[in-house]
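Input: a single structure, listed below in structure tokens.
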Amino acid sequence: MKYDTIIFDLDGTLLNTLEDLHDSLNAVLFQEGYKIRTLKEVRCFVGNGIRKLIARSLPDNCDDNEINRITEIFQLHYKNNMLNKTRPYDGIINLLTYLKENDFKTAIVSNKFDSAVKTLAKIYFDGMITVAIGETDKIRRKPAPDSIFSAVNQLASSLDKTIMVGDSETDVLTAKNAGIACVGVTWGFRDRLVLENHGADYIIDTPSELVEIVS
């Protein structure tokens, strides 16, 4: 077996969270008197953490205090609305079931805030994914490799047996910074060209294709 440990991104890889993110963002922007954003814009804005999503959504002249304020409001709104439309992508549950039955070690590393990552992982993937790590003040967000190292350590695995699976340039860079291979997925928030341009080692169009790579 080439790999026995698989680290997944969450948003755009395991779960389609885009509509709930979009709805919560626009609810807060509208409430606070800012221009609402299109689904296409939000798709481009996500991937580097909630604060970066807010900063990209607000006018350029907003200072750090305002970005932080809106971020706090968003987190509360999203926490109460993150299950409205969010669903696993087609084929993900079958993939995770296969990996569990064949003794693969699995984890989630995400730039979403840690409490949301752990909640979503438990609701949708309880018993299938062992470790779930989100953004905290103790671990630098992706593309820093800290979350990868933490996951591998918690799984009692090794980097040479680990592969990263994600949908964005951030995931590819995270894998490179950790010194591991990356599988880019085309069903998420970025297109194939972005993954190619950033040097994904593999690119797949369906979850079942991952089995051939990791076996």
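Simple scheme: letters A, B, ... for chains in structure tokens order, numbers from 1 for residues in each chain, numbers from 1 for ligands in the order shown.
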- Would you list the contacts of Asp201 in chain A as a PyMOL selection string, taking every protein, DNA or RNA residue within 9 Å and counting only C-alpha atoms, but skipping same-chain residues closer than 4 positions in sequence? chain A and resi 172+181-184+196
Store the residues picked out above in a file with C-alpha atoms, as a tab-separated table (two decimals), in the first residue's frame.
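result_22.tsv, freshly written:
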chain	number	residue	atom	x	y	z
A	172	VAL	CA	-2.02	22.04	-2.79
A	181	ALA	CA	1.54	14.57	-2.18
A	182	CYS	CA	-1.78	16.25	-2.96
A	183	VAL	CA	-4.90	15.04	-4.74
A	184	GLY	CA	-6.92	17.89	-6.21
A	196	GLU	CA	-3.02	22.15	-12.43
- Message: Need the shell around range 126-143 of chain A: protein/DNA/RNA residues with any atom at most 9 Å away, counting only C-alpha atoms. Skip same-chain ones fewer than 2 positions apart. Format as a count of residues only?
- Response: 43
- For Gly166 in chain A, which of A:Gly12, A:Gly91, A:Gly33, A:Gly179 is the closest residue, counting only C-alpha atoms?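 Closest to Gly166 in chain A, using only C-alpha atoms: A:Gly12.
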- as a PyMOL selection string, list the residues of chain A assigned to strand (DSSP E) by DSSP on the backbone atoms of this structure. chain A and resi 5-8+15-16+87-88+105-113+131-135+162-166+181-185+202-204
- Query: Mind pulling up the distance from CA of Thr119 in chain A to CA of Ser157 in chain A?
  - Reply: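 We find that CA of Ser157 in chain A and CA of Thr119 in chain A lie 24.0 Å from each other.
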- Query: Phe104 in chain A: which residues within 8 Å, counting only C-alpha atoms, same-chain residues fewer than 6 positions away excluded, as a PyMOL selection string?
  - Reply: chain A and resi 4-6
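Taking only C-alpha atoms into account, Val46 in chain A lies nearest to A:Phe189 out of the set A:Tyr89, A:Tyr78, A:Tyr202, A:Phe189.
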- Query: Hey, can you check how far CA of Asp11 in chain A sits from CA of Thr86 in chain A?
  - Reply: 9.5 Å
